[in-house]
Amino acid sequence: MSRRHLAPKDAMETFQKAFRSSYRRAQVTQLSEAQRIMASQSIEPTGEPVVPLGHPEHQSLRVGETEKATAVIAFIDIRGCTKLAFALAQEQLLLTVQSLTTASVRAIYDQGGYIGEFTGDGVMGYFGDSETPDEDAVVAALQATTLLFKTVKEIVNPELRETGTPEIRIAAGLEYGEVLWSRIGIGETSQVKPISAATFLAGKLATHGYTKAWECKMGAWLASWVPSEFKDQTKSYEFSHGDKTFSHELYNLDWENYAMAVLQDEESLARRLKNTRLGTGSGAGAVAVGGYTERRQVTQVKGGRFA
């Protein structure tokens, strides 16, 4: 995240160009020659950067090696893909998913994030590295996610309607915390992944059982940064293991109002997030320079605190 992130309006414009470039280029192949020439002239090149999968700071890890860090994990899930698979021809389904994935990668990358993996009908992103304070990683993750929601609803879906394609619905799960980067697998059949409660919780929150379409849900550690008017507490994540009971607070992020606030005054909102965090006096631990810190093993979670 040492890369400078795009201003909110520029990020939305880039998302729009990325989606339209991918979607319309494929559509052009289905037109007559005259239509193809006219349509191709309306497609703007996006100058796509090379965006490798995974976090570049941890790719040198070998199987069995680990590195601790803090990060924000974001899962973006496309809803209704199974229904679309029956309603659309395979080529049209692929075109829709590929175009939205292309634009989502840009949304994450343009805010300084990294692409973890593609989940079939979604994207996993990381925010945070050794040169970025935790507060900046949180700001970037929230900004990328909320602007992605806004752009899908206001730009992607109108584009799909024009071609008679069913609209896309998305949902997201996010959490912040300590992760243990490790290479999982055997030899070349392996992948570097962030193993942590934050990672698995974010992934679970993106699923149908926890989050409805057009909802963005986050765990307590990330929510401790967010001003109260942008979040609503919801049912906690609770379970028992042996003789211990675990409970972790969950919140719905008001992505529409957050995105509007970002577009109105990005810097002011970033300062508010930092002040909100400092006002809690606790949460997921002190902000560490470079976003890296050592903490005790998490054994129980209450009220957004590491126990």
# chains A, B, ... in the order shown; residues from 1 in each chain; ligands from 1
>>> residues_around(residues="stretch 123-129 of chain A", least_positions_apart="5", cutoff="6 Å", atoms="only C-alpha atoms", output="ChimeraX atom specification")
/A:71-76,113-118,137
>>> closest_residue(among="A:Val97, A:Leu205, A:Val138, A:Leu160", to="A:Lys274", atoms="only C-alpha atoms")
A:Val138
>>> closest_atom_pairs(of="stretch 130-219 of chain A", to="stretch 231-250 of chain A", cutoff="8 Å", atoms="only C-alpha atoms", output="Markdown table")
| residue | atom | partner | partner_atom | distance |
| --- | --- | --- | --- | --- |
| A:Lys217 | CA | A:Leu250 | CA | 7.1 |
| A:Met218 | CA | A:Leu250 | CA | 5.9 |
| A:Gly219 | CA | A:Leu250 | CA | 4.7 |
>>> write_last_selection(atoms="C-alpha atoms", output="mmCIF file, in the first residue's frame")
data_model
loop_
_atom_site.group_PDB
_atom_site.id
_atom_site.type_symbol
_atom_site.label_atom_id
_atom_site.label_comp_id
_atom_site.auth_asym_id
_atom_site.auth_seq_id
_atom_site.Cartn_x
_atom_site.Cartn_y
_atom_site.Cartn_z
ATOM 1 C CA LYS A 217 -21.087 -6.620 7.331
ATOM 2 C CA MET A 218 -17.989 -6.184 9.492
ATOM 3 C CA GLY A 219 -16.553 -7.532 12.714
#
>>> select_by_dssp(residues="stretch 99-264 of chain A", states="helix (DSSP H, G or I)", output="count of residues only")
66
>>> residues_around(residues="stretch 193-201 of chain A", least_positions_apart="2", cutoff="6 Å", atoms="only C-alpha atoms", output="ChimeraX atom specification")
/A:73,175-177,179-182,203-204
>>> closest_residue(among="A:Leu222, A:Val192, A:Ala103, A:Leu148", to="A:Glu256", atoms="only C-alpha atoms")
A:Leu148
>>> atom_distance(atom1="atom CA of A:Asp134", atom2="atom CA of A:Lys9")
23.5 Å
>>> residues_around(residues="A:Lys150", least_positions_apart="2", cutoff="9 Å", atoms="only C-alpha atoms", output="mmCIF file with N, CA and C atoms, in the first residue's frame")
data_model
loop_
_atom_site.group_PDB
_atom_site.id
_atom_site.type_symbol
_atom_site.label_atom_id
_atom_site.label_comp_id
_atom_site.auth_asym_id
_atom_site.auth_seq_id
_atom_site.Cartn_x
_atom_site.Cartn_y
_atom_site.Cartn_z
ATOM 1 N N MET A 12 -13.975 5.808 -8.981
ATOM 2 C CA MET A 12 -15.252 5.413 -9.572
ATOM 3 C C MET A 12 -15.194 5.469 -11.099
ATOM 4 N N THR A 145 -14.350 -0.645 -0.667
ATOM 5 C CA THR A 145 -15.551 -1.486 -0.609
ATOM 6 C C THR A 145 -16.815 -0.675 -0.833
ATOM 7 N N THR A 146 -16.941 0.464 -0.162
ATOM 8 C CA THR A 146 -18.172 1.247 -0.286
ATOM 9 C C THR A 146 -18.312 1.854 -1.683
ATOM 10 N N LEU A 147 -17.204 2.292 -2.280
ATOM 11 C CA LEU A 147 -17.272 2.832 -3.635
ATOM 12 C C LEU A 147 -17.584 1.731 -4.649
ATOM 13 N N LEU A 148 -17.113 0.501 -4.366
ATOM 14 C CA LEU A 148 -17.428 -0.610 -5.247
ATOM 15 C C LEU A 148 -18.936 -0.877 -5.230
ATOM 16 N N VAL A 152 -21.297 -0.475 -8.577
ATOM 17 C CA VAL A 152 -22.074 -1.592 -9.113
ATOM 18 C C VAL A 152 -23.542 -1.204 -9.235
ATOM 19 N N LYS A 153 -24.066 -0.547 -8.215
ATOM 20 C CA LYS A 153 -25.490 -0.199 -8.216
ATOM 21 C C LYS A 153 -25.815 0.892 -9.223
ATOM 22 N N GLU A 154 -24.929 1.893 -9.365
ATOM 23 C CA GLU A 154 -25.253 3.061 -10.173
ATOM 24 C C GLU A 154 -24.655 3.042 -11.581
ATOM 25 N N ILE A 155 -23.662 2.186 -11.825
ATOM 26 C CA ILE A 155 -23.012 2.165 -13.139
ATOM 27 C C ILE A 155 -23.128 0.795 -13.809
ATOM 28 N N TRP A 255 -23.025 1.480 3.825
ATOM 29 C CA TRP A 255 -22.102 1.774 2.733
ATOM 30 C C TRP A 255 -22.559 2.948 1.871
ATOM 31 N N GLU A 256 -23.869 3.145 1.747
ATOM 32 C CA GLU A 256 -24.350 4.243 0.907
ATOM 33 C C GLU A 256 -23.963 5.594 1.489
ATOM 34 N N ALA A 259 -20.091 6.003 1.444
ATOM 35 C CA ALA A 259 -19.579 6.357 0.116
ATOM 36 C C ALA A 259 -19.837 7.832 -0.188
#
>>> closest_residue(among="A:Pro166, A:Gly122, A:Pro158, A:Pro52", to="A:Ala85", atoms="only C-alpha atoms")
A:Pro166
>>> select_by_dssp(residues="stretch 20-263 of chain A", states="strand (DSSP E or B)", output="tab-separated table (two decimals) with N, CA and C atoms, in the first residue's frame")
chain	number	residue	atom	x	y	z
A	53	LEU	N	-1.61	-11.96	-8.04
A	53	LEU	CA	-2.35	-12.48	-6.91
A	53	LEU	C	-1.45	-12.59	-5.69
A	63	VAL	N	6.82	-23.37	2.62
A	63	VAL	CA	5.88	-24.15	3.42
A	63	VAL	C	6.46	-24.35	4.82
A	66	THR	N	6.26	-18.71	8.63
A	66	THR	CA	5.16	-17.79	8.91
A	66	THR	C	5.68	-16.39	9.21
A	67	GLU	N	4.81	-15.40	9.00
A	67	GLU	CA	5.10	-14.01	9.34
A	67	GLU	C	3.82	-13.39	9.89
A	68	LYS	N	3.96	-12.65	11.02
A	68	LYS	CA	2.80	-11.99	11.60
A	68	LYS	C	2.65	-10.57	11.05
A	69	ALA	N	1.41	-10.15	10.89
A	69	ALA	CA	1.12	-8.80	10.41
A	69	ALA	C	-0.31	-8.46	10.79
A	70	THR	N	-0.67	-7.21	10.61
A	70	THR	CA	-2.08	-6.83	10.73
A	70	THR	C	-2.58	-6.44	9.35
A	71	ALA	N	-3.87	-6.66	9.12
A	71	ALA	CA	-4.44	-6.39	7.81
A	71	ALA	C	-5.95	-6.27	7.92
A	72	VAL	N	-6.55	-5.68	6.89
A	72	VAL	CA	-8.00	-5.72	6.73
A	72	VAL	C	-8.28	-6.71	5.61
A	73	ILE	N	-9.15	-7.66	5.88
A	73	ILE	CA	-9.52	-8.67	4.89
A	73	ILE	C	-10.93	-8.33	4.39
A	74	ALA	N	-11.12	-8.32	3.08
A	74	ALA	CA	-12.42	-8.00	2.49
A	74	ALA	C	-12.81	-9.08	1.48
A	75	PHE	N	-14.00	-9.63	1.65
A	75	PHE	CA	-14.56	-10.57	0.70
A	75	PHE	C	-15.75	-9.91	0.01
A	76	ILE	N	-15.70	-9.82	-1.31
A	76	ILE	CA	-16.81	-9.29	-2.11
A	76	ILE	C	-17.47	-10.48	-2.80
A	77	ASP	N	-18.76	-10.66	-2.57
A	77	ASP	CA	-19.48	-11.83	-3.08
A	77	ASP	C	-20.57	-11.40	-4.06
A	78	ILE	N	-20.59	-12.00	-5.25
A	78	ILE	CA	-21.65	-11.75	-6.22
A	78	ILE	C	-22.81	-12.68	-5.91
A	79	ARG	N	-23.99	-12.12	-5.70
A	79	ARG	CA	-25.15	-12.92	-5.33
A	79	ARG	C	-25.94	-13.36	-6.56
A	114	TYR	N	-4.42	-5.44	-2.18
A	114	TYR	CA	-3.86	-6.57	-2.92
A	114	TYR	C	-4.96	-7.59	-3.15
A	115	ILE	N	-4.87	-8.32	-4.24
A	115	ILE	CA	-5.86	-9.32	-4.58
A	115	ILE	C	-5.43	-10.67	-4.01
A	116	GLY	N	-6.24	-11.21	-3.11
A	116	GLY	CA	-5.90	-12.49	-2.49
A	116	GLY	C	-6.19	-13.66	-3.39
A	117	GLU	N	-7.44	-13.74	-3.83
A	117	GLU	CA	-7.83	-14.83	-4.71
A	117	GLU	C	-9.22	-14.56	-5.26
A	118	PHE	N	-9.60	-15.35	-6.25
A	118	PHE	CA	-10.95	-15.30	-6.80
A	118	PHE	C	-11.70	-16.50	-6.26
A	122	GLY	N	-16.71	-14.25	-6.61
A	122	GLY	CA	-16.33	-13.11	-5.80
A	122	GLY	C	-14.83	-12.89	-5.78
A	123	VAL	N	-14.41	-11.92	-4.97
A	123	VAL	CA	-13.00	-11.54	-4.88
A	123	VAL	C	-12.62	-11.37	-3.41
A	124	MET	N	-11.42	-11.81	-3.06
A	124	MET	CA	-10.88	-11.60	-1.72
A	124	MET	C	-9.73	-10.60	-1.83
A	125	GLY	N	-9.76	-9.56	-1.00
A	125	GLY	CA	-8.72	-8.54	-1.04
A	125	GLY	C	-8.07	-8.33	0.32
A	126	TYR	N	-6.80	-7.88	0.31
A	126	TYR	CA	-6.06	-7.55	1.52
A	126	TYR	C	-5.71	-6.07	1.49
A	127	PHE	N	-5.72	-5.44	2.66
A	127	PHE	CA	-5.27	-4.06	2.78
A	127	PHE	C	-4.33	-3.99	3.98
A	169	ARG	N	-26.23	-8.37	-7.93
A	169	ARG	CA	-26.33	-7.99	-6.52
A	169	ARG	C	-25.05	-8.45	-5.83
A	170	ILE	N	-24.55	-7.67	-4.91
A	170	ILE	CA	-23.33	-8.05	-4.20
A	170	ILE	C	-23.52	-7.93	-2.70
A	171	ALA	N	-22.62	-8.55	-1.97
A	171	ALA	CA	-22.57	-8.45	-0.51
A	171	ALA	C	-21.09	-8.51	-0.13
A	172	ALA	N	-20.78	-8.11	1.09
A	172	ALA	CA	-19.37	-8.10	1.50
A	172	ALA	C	-19.22	-8.39	2.98
A	173	GLY	N	-18.09	-9.00	3.33
A	173	GLY	CA	-17.72	-9.23	4.72
A	173	GLY	C	-16.30	-8.73	4.94
A	174	LEU	N	-16.09	-7.99	6.03
A	174	LEU	CA	-14.77	-7.41	6.31
A	174	LEU	C	-14.43	-7.57	7.79
A	175	GLU	N	-13.14	-7.68	8.06
A	175	GLU	CA	-12.64	-7.62	9.43
A	175	GLU	C	-11.17	-7.22	9.42
A	176	TYR	N	-10.76	-6.64	10.51
A	176	TYR	CA	-9.37	-6.19	10.71
A	176	TYR	C	-8.77	-6.99	11.85
A	177	GLY	N	-7.48	-7.24	11.79
A	177	GLY	CA	-6.83	-7.91	12.91
A	177	GLY	C	-5.47	-8.47	12.55
A	178	GLU	N	-4.92	-9.18	13.50
A	178	GLU	CA	-3.64	-9.83	13.27
A	178	GLU	C	-3.83	-11.07	12.41
A	179	VAL	N	-2.94	-11.26	11.46
A	179	VAL	CA	-2.97	-12.46	10.62
A	179	VAL	C	-1.60	-13.12	10.66
A	180	LEU	N	-1.61	-14.41	10.45
A	180	LEU	CA	-0.38	-15.18	10.36
A	180	LEU	C	-0.22	-15.62	8.91
A	181	TRP	N	0.66	-14.94	8.19
A	181	TRP	CA	0.89	-15.29	6.80
A	181	TRP	C	1.69	-16.59	6.74
A	182	SER	N	1.21	-17.52	5.93
A	182	SER	CA	1.88	-18.82	5.82
A	182	SER	C	1.63	-19.41	4.45
A	183	ARG	N	2.58	-20.19	3.96
A	183	ARG	CA	2.38	-20.89	2.70
A	183	ARG	C	1.73	-22.24	2.99
A	184	ILE	N	0.55	-22.43	2.42
A	184	ILE	CA	-0.23	-23.63	2.65
A	184	ILE	C	-0.16	-24.54	1.42
A	185	GLY	N	0.10	-25.82	1.64
A	185	GLY	CA	0.13	-26.77	0.53
A	185	GLY	C	1.39	-27.61	0.54
A	186	ILE	N	1.74	-28.13	-0.63
A	186	ILE	CA	2.93	-28.97	-0.77
A	186	ILE	C	3.72	-28.50	-1.98
A	189	THR	N	2.53	-26.83	-5.36
A	189	THR	CA	1.08	-26.81	-5.21
A	189	THR	C	0.75	-26.16	-3.87
A	190	SER	N	1.01	-24.87	-3.78
A	190	SER	CA	0.85	-24.16	-2.52
A	190	SER	C	0.49	-22.71	-2.78
A	191	GLN	N	0.03	-22.05	-1.74
A	191	GLN	CA	-0.38	-20.65	-1.84
A	191	GLN	C	-0.15	-19.97	-0.50
A	192	VAL	N	0.29	-18.70	-0.54
A	192	VAL	CA	0.46	-17.93	0.68
A	192	VAL	C	-0.89	-17.35	1.08
A	193	LYS	N	-1.30	-17.62	2.32
A	193	LYS	CA	-2.61	-17.18	2.78
A	193	LYS	C	-2.50	-16.57	4.17
A	194	PRO	N	-3.41	-15.63	4.51
A	194	PRO	CA	-3.44	-15.04	5.85
A	194	PRO	C	-4.36	-15.87	6.75
A	195	ILE	N	-3.79	-16.56	7.70
A	195	ILE	CA	-4.57	-17.42	8.59
A	195	ILE	C	-4.88	-16.65	9.87
A	216	CYS	N	-23.26	-4.91	3.73
A	216	CYS	CA	-21.83	-4.98	3.99
A	216	CYS	C	-21.66	-5.16	5.49
A	217	LYS	N	-21.17	-6.31	5.90
A	217	LYS	CA	-21.09	-6.62	7.33
A	217	LYS	C	-19.63	-6.68	7.76
A	218	MET	N	-19.37	-6.21	8.98
A	218	MET	CA	-17.99	-6.18	9.49
A	218	MET	C	-17.94	-6.62	10.95
A	219	GLY	N	-16.77	-7.12	11.34
A	219	GLY	CA	-16.55	-7.53	12.71
A	219	GLY	C	-16.21	-6.36	13.61
A	231	LYS	N	-22.64	2.79	11.18
A	231	LYS	CA	-22.71	1.37	11.55
A	231	LYS	C	-23.90	1.11	12.47
A	232	ASP	N	-24.43	-0.10	12.36
A	232	ASP	CA	-25.51	-0.56	13.22
A	232	ASP	C	-25.15	-1.94	13.73
A	233	GLN	N	-25.20	-2.10	15.04
A	233	GLN	CA	-24.86	-3.40	15.61
A	233	GLN	C	-25.95	-4.41	15.28
A	234	THR	N	-25.51	-5.62	14.97
A	234	THR	CA	-26.44	-6.69	14.63
A	234	THR	C	-26.12	-7.90	15.49
A	235	LYS	N	-26.74	-9.03	15.20
A	235	LYS	CA	-26.55	-10.23	16.00
A	235	LYS	C	-25.09	-10.66	15.99
A	236	SER	N	-24.56	-10.96	17.17
A	236	SER	CA	-23.15	-11.33	17.31
A	236	SER	C	-22.88	-12.72	16.75
A	237	TYR	N	-21.62	-12.95	16.42
A	237	TYR	CA	-21.17	-14.29	16.02
A	237	TYR	C	-20.81	-15.03	17.30
A	238	GLU	N	-21.53	-16.09	17.63
A	238	GLU	CA	-21.32	-16.80	18.89
A	238	GLU	C	-21.23	-18.30	18.65
A	239	PHE	N	-20.41	-18.94	19.46
A	239	PHE	CA	-20.33	-20.40	19.42
A	239	PHE	C	-19.64	-20.88	20.69
A	240	SER	N	-19.77	-22.18	20.95
A	240	SER	CA	-19.13	-22.79	22.11
A	240	SER	C	-18.10	-23.81	21.65
A	241	HIS	N	-17.02	-23.88	22.38
A	241	HIS	CA	-15.98	-24.87	22.09
A	241	HIS	C	-15.50	-25.42	23.42
A	244	LYS	N	-15.83	-23.37	26.82
A	244	LYS	CA	-15.72	-21.92	26.59
A	244	LYS	C	-16.78	-21.45	25.61
A	245	THR	N	-17.28	-20.25	25.84
A	245	THR	CA	-18.21	-19.61	24.92
A	245	THR	C	-17.53	-18.42	24.29
A	246	PHE	N	-17.65	-18.30	22.98
A	246	PHE	CA	-17.01	-17.22	22.23
A	246	PHE	C	-18.09	-16.32	21.65
A	247	SER	N	-17.87	-15.02	21.73
A	247	SER	CA	-18.83	-14.06	21.17
A	247	SER	C	-18.06	-12.91	20.55
A	248	HIS	N	-18.43	-12.56	19.32
A	248	HIS	CA	-17.77	-11.46	18.62
A	248	HIS	C	-18.85	-10.55	18.03
A	249	GLU	N	-18.80	-9.29	18.39
A	249	GLU	CA	-19.81	-8.35	17.90
A	249	GLU	C	-19.71	-8.15	16.39
A	250	LEU	N	-20.87	-8.00	15.76
A	250	LEU	CA	-20.94	-7.76	14.32
A	250	LEU	C	-21.73	-6.48	14.05
A	251	TYR	N	-21.41	-5.83	12.93
A	251	TYR	CA	-22.05	-4.57	12.58
A	251	TYR	C	-22.35	-4.54	11.08
A	252	ASN	N	-23.45	-3.90	10.73
A	252	ASN	CA	-23.74	-3.57	9.34
A	252	ASN	C	-23.12	-2.21	9.05
A	253	LEU	N	-22.38	-2.12	7.95
A	253	LEU	CA	-21.79	-0.85	7.52
A	253	LEU	C	-22.77	-0.16	6.57
>>> atom_distance(atom1="atom CA of A:Arg272", atom2="atom CA of A:Thr207")
29.7 Å
